[in-house]
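Asker: File follows, query30.cif with mmCIF, C-alpha atoms:
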```
data_structure
loop_
_atom_site.group_PDB
_atom_site.id
_atom_site.type_symbol
_atom_site.label_atom_id
_atom_site.label_comp_id
_atom_site.auth_asym_id
_atom_site.auth_seq_id
_atom_site.Cartn_x
_atom_site.Cartn_y
_atom_site.Cartn_z
ATOM 1 C CA MET A 1 40.762 105.172 96.155
ATOM 2 C CA ARG A 2 42.830 108.135 97.398
ATOM 3 C CA PRO A 3 44.839 109.985 94.768
ATOM 4 C CA LEU A 4 48.553 109.159 94.551
ATOM 5 C CA MET A 5 49.557 112.651 95.623
ATOM 6 C CA SER A 6 47.568 112.395 98.862
ATOM 7 C CA LEU A 7 49.342 109.142 99.705
ATOM 8 C CA ARG A 8 52.753 110.788 99.406
ATOM 9 C CA LEU A 9 52.028 113.978 101.325
ATOM 10 C CA PRO A 10 52.293 112.480 104.847
ATOM 11 C CA LEU A 11 55.674 110.988 104.022
ATOM 12 C CA LEU A 12 57.010 114.129 102.394
ATOM 13 C CA ALA A 13 55.817 116.163 105.373
ATOM 14 C CA VAL A 14 58.302 114.411 107.644
ATOM 15 C CA PHE A 15 61.067 114.179 105.055
ATOM 16 C CA PRO A 16 63.371 117.238 105.365
ATOM 17 C CA LEU A 17 63.144 119.589 102.426
ATOM 18 C CA SER A 18 66.908 120.032 102.474
ATOM 19 C CA VAL A 19 67.385 116.311 101.839
ATOM 20 C CA LEU A 20 64.998 116.383 98.902
ATOM 21 C CA VAL A 21 66.888 119.289 97.376
ATOM 22 C CA GLY A 22 70.174 117.472 97.950
ATOM 23 C CA CYS A 23 68.873 114.371 96.148
ATOM 24 C CA ALA A 24 68.072 116.492 93.132
ATOM 25 C CA THR A 25 71.296 118.485 93.024
ATOM 26 C CA VAL A 26 74.157 116.185 94.073
ATOM 27 C CA LYS A 27 76.194 114.995 91.113
ATOM 28 C CA PRO A 28 77.452 111.380 91.469
ATOM 29 C CA ARG A 29 81.091 110.549 90.966
ATOM 30 C CA PRO A 30 82.027 108.227 88.072
ATOM 31 C CA SER A 31 83.557 104.829 88.712
ATOM 32 C CA GLU A 32 86.159 102.822 86.846
ATOM 33 C CA PRO A 33 86.760 99.062 86.707
ATOM 34 C CA VAL A 34 89.799 97.561 88.445
ATOM 35 C CA ALA A 35 91.379 94.135 88.500
ATOM 36 C CA THR A 36 90.007 92.917 91.827
ATOM 37 C CA THR A 37 87.523 90.280 92.885
ATOM 38 C CA GLU A 38 85.187 90.714 95.828
ATOM 39 C CA ALA A 39 82.479 88.902 97.765
ATOM 40 C CA VAL A 40 80.299 91.251 99.796
ATOM 41 C CA THR A 41 77.785 90.247 102.483
ATOM 42 C CA VAL A 42 75.555 92.725 104.297
ATOM 43 C CA ALA A 43 74.085 92.053 107.734
ATOM 44 C CA ALA A 44 72.359 94.209 110.345
ATOM 45 C CA PRO A 45 73.355 93.170 113.876
ATOM 46 C CA GLY A 46 72.012 95.304 116.700
ATOM 47 C CA GLY A 47 70.322 97.798 114.419
ATOM 48 C CA LEU A 48 73.453 98.553 112.377
ATOM 49 C CA ALA A 49 74.305 97.701 108.817
ATOM 50 C CA GLU A 50 77.756 96.207 108.456
ATOM 51 C CA LEU A 51 79.964 96.139 105.393
ATOM 52 C CA VAL A 52 81.635 92.769 106.013
ATOM 53 C CA PRO A 53 85.409 92.537 105.423
ATOM 54 C CA VAL A 54 85.931 91.742 101.739
ATOM 55 C CA PRO A 55 88.717 89.409 100.552
ATOM 56 C CA VAL A 56 90.285 90.781 97.367
ATOM 57 C CA THR A 57 92.766 89.584 94.789
ATOM 58 C CA ALA A 58 96.280 90.925 95.387
ATOM 59 C CA VAL A 59 97.524 93.564 92.971
ATOM 60 C CA GLU A 60 100.887 92.798 91.468
ATOM 61 C CA LEU A 61 103.138 95.764 90.875
ATOM 62 C CA GLY A 62 106.708 95.672 89.650
ATOM 63 C CA THR A 63 108.460 92.584 90.998
ATOM 64 C CA ALA A 64 106.549 92.247 94.268
ATOM 65 C CA GLU A 65 103.375 90.170 94.677
ATOM 66 C CA MET A 66 101.438 91.009 97.795
ATOM 67 C CA ALA A 67 99.088 88.736 99.740
ATOM 68 C CA PRO A 68 95.287 89.278 99.734
ATOM 69 C CA THR A 69 94.038 91.794 102.273
ATOM 70 C CA VAL A 70 90.799 92.645 104.033
ATOM 71 C CA VAL A 71 88.890 95.907 103.785
ATOM 72 C CA ALA A 72 88.153 97.548 107.131
ATOM 73 C CA THR A 73 84.625 97.318 108.504
ATOM 74 C CA GLN A 74 82.432 100.390 108.045
ATOM 75 C CA TRP A 75 79.126 101.120 109.788
ATOM 76 C CA VAL A 76 75.996 103.115 108.997
ATOM 77 C CA SER A 77 72.713 103.385 110.862
ATOM 78 C CA ALA A 78 70.319 100.871 109.328
ATOM 79 C CA GLY A 79 67.157 102.382 110.797
ATOM 80 C CA VAL A 80 67.884 105.940 109.674
ATOM 81 C CA LEU A 81 69.132 104.765 106.309
ATOM 82 C CA GLU A 82 66.061 102.632 105.593
ATOM 83 C CA ALA A 83 63.621 105.400 106.505
ATOM 84 C CA THR A 84 65.515 107.935 104.405
ATOM 85 C CA LEU A 85 65.702 105.624 101.405
ATOM 86 C CA ARG A 86 61.967 104.892 101.516
ATOM 87 C CA ALA A 87 61.182 108.597 101.580
ATOM 88 C CA ALA A 88 63.694 109.352 98.828
ATOM 89 C CA GLU A 89 62.123 106.732 96.558
ATOM 90 C CA GLN A 90 58.962 108.838 96.471
ATOM 91 C CA VAL A 91 60.951 111.486 94.628
ATOM 92 C CA THR A 92 63.960 109.808 92.964
ATOM 93 C CA GLY A 93 62.737 106.256 92.397
ATOM 94 C CA PRO A 94 64.192 102.996 93.765
ATOM 95 C CA ALA A 95 67.828 103.064 94.833
ATOM 96 C CA SER A 96 68.557 100.019 92.672
ATOM 97 C CA THR A 97 68.259 102.085 89.493
ATOM 98 C CA THR A 98 71.699 102.492 87.923
ATOM 99 C CA GLY A 99 73.105 105.986 88.232
ATOM 100 C CA ARG A 100 70.709 107.137 90.974
ATOM 101 C CA PHE A 101 71.976 109.361 93.784
ATOM 102 C CA TRP A 102 71.488 106.729 96.498
ATOM 103 C CA ASP A 103 73.528 104.113 94.614
ATOM 104 C CA VAL A 104 76.554 106.393 94.800
ATOM 105 C CA VAL A 105 76.011 107.141 98.496
ATOM 106 C CA LEU A 106 75.725 103.474 99.505
ATOM 107 C CA ALA A 107 78.753 102.065 97.681
ATOM 108 C CA PRO A 108 82.338 103.312 97.214
ATOM 109 C CA THR A 109 83.606 103.442 93.658
ATOM 110 C CA GLN A 110 85.636 100.551 92.310
ATOM 111 C CA MET A 111 88.472 103.006 91.735
ATOM 112 C CA SER A 112 88.579 104.046 95.391
ATOM 113 C CA ARG A 113 88.383 100.427 96.561
ATOM 114 C CA SER A 114 91.401 99.544 94.449
ATOM 115 C CA ILE A 115 93.397 102.466 95.879
ATOM 116 C CA VAL A 116 92.539 101.600 99.499
ATOM 117 C CA GLN A 117 93.226 97.892 99.002
ATOM 118 C CA ARG A 118 96.656 98.600 97.551
ATOM 119 C CA SER A 119 97.391 101.018 100.405
ATOM 120 C CA LEU A 120 96.442 98.349 102.953
ATOM 121 C CA GLN A 121 98.821 95.886 101.316
ATOM 122 C CA LEU A 122 101.694 98.270 102.012
ATOM 123 C CA VAL A 123 100.903 98.965 105.690
ATOM 124 C CA GLY A 124 103.782 97.827 107.915
ATOM 125 C CA MET A 125 106.487 98.086 105.257
ATOM 126 C CA ARG A 126 109.598 99.835 106.499
ATOM 127 C CA SER A 127 110.772 100.623 102.985
ATOM 128 C CA LEU A 128 109.030 100.883 99.611
ATOM 129 C CA ARG A 129 112.164 99.494 97.971
ATOM 130 C CA ARG A 130 110.775 96.021 98.673
ATOM 131 C CA VAL A 131 107.924 96.807 96.295
ATOM 132 C CA SER A 132 109.340 99.056 93.599
ATOM 133 C CA ARG A 133 112.488 101.019 92.836
ATOM 134 C CA GLY A 134 110.605 103.127 90.335
ATOM 135 C CA VAL A 135 109.287 105.543 92.974
ATOM 136 C CA PRO A 136 111.003 107.411 95.826
ATOM 137 C CA ASP A 137 110.894 105.795 99.262
ATOM 138 C CA ASP A 138 108.793 108.558 100.793
ATOM 139 C CA CYS A 139 105.183 109.714 101.165
ATOM 140 C CA SER A 140 104.860 110.677 97.495
ATOM 141 C CA GLY A 141 106.184 107.288 96.387
ATOM 142 C CA PHE A 142 103.594 105.565 98.566
ATOM 143 C CA VAL A 143 100.598 107.413 97.086
ATOM 144 C CA ARG A 144 101.946 106.874 93.577
ATOM 145 C CA LEU A 145 102.043 103.115 94.184
ATOM 146 C CA ALA A 146 98.517 103.184 95.639
ATOM 147 C CA TYR A 147 97.103 105.147 92.712
ATOM 148 C CA ARG A 148 98.852 103.020 90.096
ATOM 149 C CA SER A 149 96.516 100.195 91.117
ATOM 150 C CA ALA A 150 93.693 102.307 89.647
ATOM 151 C CA GLY A 151 95.666 103.166 86.520
ATOM 152 C CA ILE A 152 96.554 106.695 87.674
ATOM 153 C CA ASP A 153 100.056 108.175 87.344
ATOM 154 C CA LEU A 154 100.043 111.085 89.780
ATOM 155 C CA VAL A 155 103.157 112.740 88.316
ATOM 156 C CA ALA A 156 102.493 112.185 84.614
ATOM 157 C CA HIS A 157 102.191 115.968 84.207
ATOM 158 C CA GLY A 158 105.818 116.479 85.306
ATOM 159 C CA PHE A 159 107.522 118.824 87.758
ATOM 160 C CA ARG A 160 108.303 122.520 87.805
ATOM 161 C CA ALA A 161 111.701 123.857 88.810
ATOM 162 C CA GLY A 162 112.233 123.545 92.569
ATOM 163 C CA GLU A 163 108.901 121.762 93.073
ATOM 164 C CA ASN A 164 108.661 118.731 95.343
ATOM 165 C CA ALA A 165 106.459 115.744 94.456
ATOM 166 C CA VAL A 166 103.715 116.614 96.957
ATOM 167 C CA SER A 167 103.411 120.126 95.538
ATOM 168 C CA ALA A 168 103.361 118.735 91.997
ATOM 169 C CA ILE A 169 100.538 116.311 92.829
ATOM 170 C CA PHE A 170 98.606 119.071 94.586
ATOM 171 C CA ARG A 171 99.031 121.373 91.578
ATOM 172 C CA ARG A 172 97.619 118.684 89.313
ATOM 173 C CA ALA A 173 94.659 118.117 91.659
ATOM 174 C CA VAL A 174 93.916 121.854 91.629
ATOM 175 C CA ASP A 175 94.145 121.995 87.832
ATOM 176 C CA VAL A 176 91.587 119.190 87.335
ATOM 177 C CA GLY A 177 89.244 120.411 90.092
ATOM 178 C CA SER A 178 89.707 117.430 92.427
ATOM 179 C CA VAL A 179 90.705 119.427 95.534
ATOM 180 C CA HIS A 180 87.975 119.783 98.160
ATOM 181 C CA HIS A 181 87.381 120.423 101.863
ATOM 182 C CA GLN A 182 84.281 118.251 102.207
ATOM 183 C CA PRO A 183 84.125 115.030 104.289
ATOM 184 C CA PRO A 184 86.477 112.692 102.411
ATOM 185 C CA ARG A 185 85.773 109.305 100.884
ATOM 186 C CA PRO A 186 88.055 106.262 101.074
ATOM 187 C CA GLY A 187 90.717 106.560 98.387
ATOM 188 C CA ASP A 188 90.910 110.363 98.516
ATOM 189 C CA LEU A 189 94.297 112.012 98.860
ATOM 190 C CA VAL A 190 94.971 114.043 102.005
ATOM 191 C CA PHE A 191 97.552 116.858 101.920
ATOM 192 C CA PHE A 192 99.495 118.425 104.780
ATOM 193 C CA ARG A 193 101.734 121.486 104.902
ATOM 194 C CA GLU A 194 104.815 122.378 106.928
ATOM 195 C CA THR A 195 105.348 118.857 108.301
ATOM 196 C CA TYR A 196 109.115 119.436 108.290
ATOM 197 C CA ASP A 197 111.588 122.208 107.573
ATOM 198 C CA ARG A 198 112.228 121.399 103.928
ATOM 199 C CA ASN A 199 114.378 124.441 103.153
ATOM 200 C CA ARG A 200 116.094 124.352 106.566
ATOM 201 C CA ASP A 201 115.645 128.008 107.348
ATOM 202 C CA GLY A 202 113.958 127.428 110.713
ATOM 203 C CA ARG A 203 110.659 128.900 109.532
ATOM 204 C CA ARG A 204 107.284 127.429 108.587
ATOM 205 C CA ASN A 205 107.286 128.460 104.933
ATOM 206 C CA ASP A 206 107.674 125.153 103.125
ATOM 207 C CA GLY A 207 104.202 124.687 101.610
ATOM 208 C CA MET A 208 102.917 121.201 100.824
ATOM 209 C CA THR A 209 105.239 118.643 102.354
ATOM 210 C CA HIS A 210 103.238 115.479 103.130
ATOM 211 C CA ILE A 211 100.532 113.314 101.549
ATOM 212 C CA GLY A 212 98.540 110.165 102.324
ATOM 213 C CA VAL A 213 95.499 108.119 101.290
ATOM 214 C CA VAL A 214 92.201 108.204 103.197
ATOM 215 C CA GLU A 215 91.225 104.742 104.435
ATOM 216 C CA ALA A 216 87.993 105.417 106.360
ATOM 217 C CA VAL A 217 86.002 107.975 108.348
ATOM 218 C CA ASP A 218 84.311 106.973 111.615
ATOM 219 C CA ALA A 219 81.029 108.182 113.118
ATOM 220 C CA HIS A 220 82.843 110.921 115.067
ATOM 221 C CA GLY A 221 84.505 112.373 111.963
ATOM 222 C CA THR A 222 87.969 110.979 112.669
ATOM 223 C CA VAL A 223 89.693 110.223 109.384
ATOM 224 C CA THR A 224 92.059 107.249 109.255
ATOM 225 C CA PHE A 225 94.683 107.755 106.563
ATOM 226 C CA ILE A 226 97.630 105.667 105.398
ATOM 227 C CA HIS A 227 100.984 107.301 104.710
ATOM 228 C CA ARG A 228 104.707 106.685 104.460
ATOM 229 C CA GLY A 229 106.087 108.256 107.626
ATOM 230 C CA GLY A 230 109.420 108.199 109.386
ATOM 231 C CA LYS A 231 108.967 104.574 110.503
ATOM 232 C CA GLY A 232 107.503 103.179 107.312
ATOM 233 C CA VAL A 233 103.958 102.834 105.958
ATOM 234 C CA ALA A 234 101.456 103.259 108.776
ATOM 235 C CA ARG A 235 98.045 104.614 109.707
ATOM 236 C CA GLY A 236 97.437 108.106 111.027
ATOM 237 C CA ARG A 237 94.369 109.877 112.447
ATOM 238 C CA LEU A 238 92.928 113.277 111.617
ATOM 239 C CA ASN A 239 89.888 115.062 113.032
ATOM 240 C CA LEU A 240 89.108 118.541 111.722
ATOM 241 C CA SER A 241 86.435 119.186 114.352
ATOM 242 C CA PHE A 242 89.166 119.124 117.031
ATOM 243 C CA PRO A 243 92.338 120.032 115.084
ATOM 244 C CA SER A 244 94.425 120.925 118.135
ATOM 245 C CA ARG A 245 93.404 117.942 120.293
ATOM 246 C CA HIS A 246 95.403 114.734 120.434
ATOM 247 C CA GLN A 247 92.681 113.078 122.543
ATOM 248 C CA LEU A 248 89.215 114.385 123.277
ATOM 249 C CA GLU A 249 89.748 113.554 126.944
ATOM 250 C CA GLN A 250 92.444 111.974 129.055
ATOM 251 C CA GLY A 251 92.511 108.265 128.358
ATOM 252 C CA GLY A 252 90.049 108.665 125.486
ATOM 253 C CA PRO A 253 90.528 107.739 121.822
ATOM 254 C CA VAL A 254 93.159 109.545 119.763
ATOM 255 C CA VAL A 255 91.601 111.879 117.197
ATOM 256 C CA ASN A 256 94.774 113.516 115.837
ATOM 257 C CA ASP A 257 98.208 111.943 115.600
ATOM 258 C CA TYR A 258 101.378 113.998 115.814
ATOM 259 C CA ILE A 259 102.676 114.536 112.305
ATOM 260 C CA ARG A 260 105.560 116.967 112.926
ATOM 261 C CA PRO A 261 107.901 116.152 115.815
ATOM 262 C CA ALA A 262 109.144 118.759 118.229
ATOM 263 C CA ALA A 263 112.416 120.408 117.316
ATOM 264 C CA LYS A 264 114.679 123.030 118.843
ATOM 265 C CA GLY A 265 112.535 126.087 119.385
ATOM 266 C CA SER A 266 109.417 124.419 117.971
ATOM 267 C CA ARG A 267 106.719 122.244 119.505
ATOM 268 C CA ALA A 268 105.212 119.132 117.937
ATOM 269 C CA TYR A 269 102.220 119.583 115.636
ATOM 270 C CA LEU A 270 99.111 117.462 115.125
ATOM 271 C CA ALA A 271 97.619 116.277 111.837
ATOM 272 C CA GLY A 272 94.589 118.527 112.292
ATOM 273 C CA GLU A 273 96.805 121.571 112.673
ATOM 274 C CA LEU A 274 98.784 120.952 109.483
ATOM 275 C CA PHE A 275 95.940 119.683 107.272
ATOM 276 C CA ALA A 276 95.729 121.436 103.894
ATOM 277 C CA ALA A 277 93.076 119.733 101.706
ATOM 278 C CA PHE A 278 91.591 116.538 100.316
ATOM 279 C CA ALA A 279 91.480 115.515 96.647
ATOM 280 C CA SER A 280 89.306 112.872 95.008
ATOM 281 C CA PRO A 281 90.857 110.417 92.512
ATOM 282 C CA GLU A 282 88.336 111.140 89.758
ATOM 283 C CA GLY A 283 89.930 113.260 87.053
ATOM 284 C CA LEU A 284 93.534 112.767 88.192
#
```
Here is a file; write its structure as structure tokens.
Answerer:
Amino acid sequence: MRPLMSLRLPLLAVFPLSVLVGCATVKPRPSEPVATTEAVTVAAPGGLAELVPVPVTAVELGTAEMAPTVVATQWVSAGVLEATLRAAEQVTGPASTTGRFWDVVLAPTQMSRSIVQRSLQLVGMRSLRRVSRGVPDDCSGFVRLAYRSAGIDLVAHGFRAGENAVSAIFRRAVDVGSVHHQPPRPGDLVFFRETYDRNRDGRRNDGMTHIGVVEAVDAHGTVTFIHRGGKGVARGRLNLSFPSRHQLEQGGPVVNDYIRPAAKGSRAYLAGELFAAFASPEGL
């Protein structure tokens, strides 16, 4: 019988060293329970693994009761994933072990699911007043409603003199170490600066002025986020690989939506151009 080490060497030889190091050093994010119910089915049509749309229980907030929604479909490469998992098990153990690195990679946290589900319930609303009068009818009010579903009050720390709500939320995220510039996860906050002339001096010196919730990230790195814009709660797109491109090519898919309209003496700006940072919900 060949020794155990000799059996593993061929596999480790083709498994990138950088991945092995990553498995040993990445710290998983904690998760928190939420009041939702889900039924998840996984299939693999055409060599892809599909996270099937999940019906969830509506979250009741204030006086409004929203209808159940469906989580958007996400895709990963089944073949690459399976090969990587098998190799990783030689070092980290089976992915089914609670708390392992691969468990965190394969499933979003319950906290983030709750935030995204609540955000989806609000898409299409022209005014947040239909849901709650306890928050402002703007982008900050929208993210506060979304995060309340996970038991998080984004402005519990209060405001400083002259500070807007977006700046206050960003300050809190910085204080707790949640701000990052890595690829975001669903449920993360996304911050933008200079999306309008807040102090009306005709200059781009207004700091943090807009905020939304990340819904998903596609295979090309385009982030879909949900926000309260000028026409109500809607989806927007952001791609940091092509920050100044609205479309990659004429007639192609949109990778960055316009987030600041053109004004006298100023052109319109795209989401990628005015992006500031992401922030994860853990710790907020």
Asker: Within 10 Å of (98.9, 101.2, 91.7) in the file's own coordinates, which protein, DNA or RNA residues have an atom, counting only C-alpha atoms? List them as a list in words.
Answerer: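 The residues near that point, listed by chain and number, are Val59, Glu60, Leu61, Gly62, Ser114, Ile115, Gln117, Arg118, Ser119, Phe142, Val143, Arg144, Leu145, Ala146, Tyr147, Arg148, Ser149, Ala150, Gly151, Ile152 and Asp153 of chain A.
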Asker: Output as a tab-separated table one row per residue of region 194-271 of chain A within 8 Å of region 132-140 of chain A: the closest atom pair and its distance in Å to one decimal place, counting all atoms listed in the file, sorted by chain and residue number ascending.
Answerer:
```
residue	atom	partner	partner_atom	distance
A:His210	CA	A:Cys139	CA	6.4
A:Ile211	CA	A:Cys139	CA	5.9
A:Gly212	CA	A:Cys139	CA	6.8
A:His227	CA	A:Cys139	CA	6.0
A:Arg228	CA	A:Cys139	CA	4.5
A:Gly229	CA	A:Cys139	CA	6.7
```
Asker: Of the candidates A:Ala271, A:Ala262, A:Val190, A:Val166, which one gets nearest to Ser241 (chain A) if we count only C-alpha atoms?
Answerer: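 Going through A:Ala271, A:Ala262, A:Val190, A:Val166 one by one, the smallest distance to Ser241 (chain A) is for A:Ala271.
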Asker: For the PyMOL selection byres ((chain A and resi 120-126) around 7), applied here, can you spell out every residue it catches as a list in words?
Answerer: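 Applied to this file, the PyMOL selection byres ((chain A and resi 120-126) around 7) returns Met66, Thr69, Val116, Gln117, Arg118, Ser119, Ser127, Leu128, Lys231, Gly232, Val233 and Ala234 of chain A.
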Asker: CA of Glu273 (chain A) and CA of Pro243 (chain A) are how many Å apart?
Answerer: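 CA of Pro243 (chain A) lies at a distance of 5.3 Å from CA of Glu273 (chain A).
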Asker: Starting from the displayed file, determine the output of the PyMOL selection byres ((chain A and resi 277) around 9) and express the residue list as a list in words.
Answerer: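 After applying the PyMOL selection byres ((chain A and resi 277) around 9), what remains is Val179, His180, His181, Gln182, Leu189, Val190, Phe191, Phe192, Phe275, Ala276, Phe278 and Ala279 of chain A.
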Asker: Just C-alpha atoms for this one: save the residues we selected as a PDB file, in the frame of the given file.
Answerer:
```pdb
ATOM      1  CA  VAL A 179      90.705 119.427  95.534  1.00  0.00           C
ATOM      2  CA  HIS A 180      87.975 119.783  98.160  1.00  0.00           C
ATOM      3  CA  HIS A 181      87.381 120.423 101.863  1.00  0.00           C
ATOM      4  CA  GLN A 182      84.281 118.251 102.207  1.00  0.00           C
ATOM      5  CA  LEU A 189      94.297 112.012  98.860  1.00  0.00           C
ATOM      6  CA  VAL A 190      94.971 114.043 102.005  1.00  0.00           C
ATOM      7  CA  PHE A 191      97.552 116.858 101.920  1.00  0.00           C
ATOM      8  CA  PHE A 192      99.495 118.425 104.780  1.00  0.00           C
ATOM      9  CA  PHE A 275      95.940 119.683 107.272  1.00  0.00           C
ATOM     10  CA  ALA A 276      95.729 121.436 103.894  1.00  0.00           C
ATOM     11  CA  PHE A 278      91.591 116.538 100.316  1.00  0.00           C
ATOM     12  CA  ALA A 279      91.480 115.515  96.647  1.00  0.00           C
TER      13      ALA A 279
END
```
Asker: Between A:Ser167, A:Ser112, A:Asn199, A:Asn256, which one has atoms that come closest to Thr224 (chain A), using all atoms listed in the file?
Answerer: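 Selected residue with least distance to Thr224 (chain A): A:Asn256.
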Asker: Which value, in Å to one decimal, gives the distance between CA of Met111 (chain A) and CA of Val174 (chain A)?
Answerer: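 For CA of Met111 (chain A) relative to CA of Val174 (chain A), the distance reads 19.6 Å.
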Asker: Return the single residue from A:Lys264, A:Arg185, A:Arg130, A:His157 that is closest to Pro281 (chain A), with distances computed using all atoms listed in the file.
Answerer: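 Checking each of A:Lys264, A:Arg185, A:Arg130, A:His157 against Pro281 (chain A), counting all atoms listed in the file, the winner is A:Arg185.
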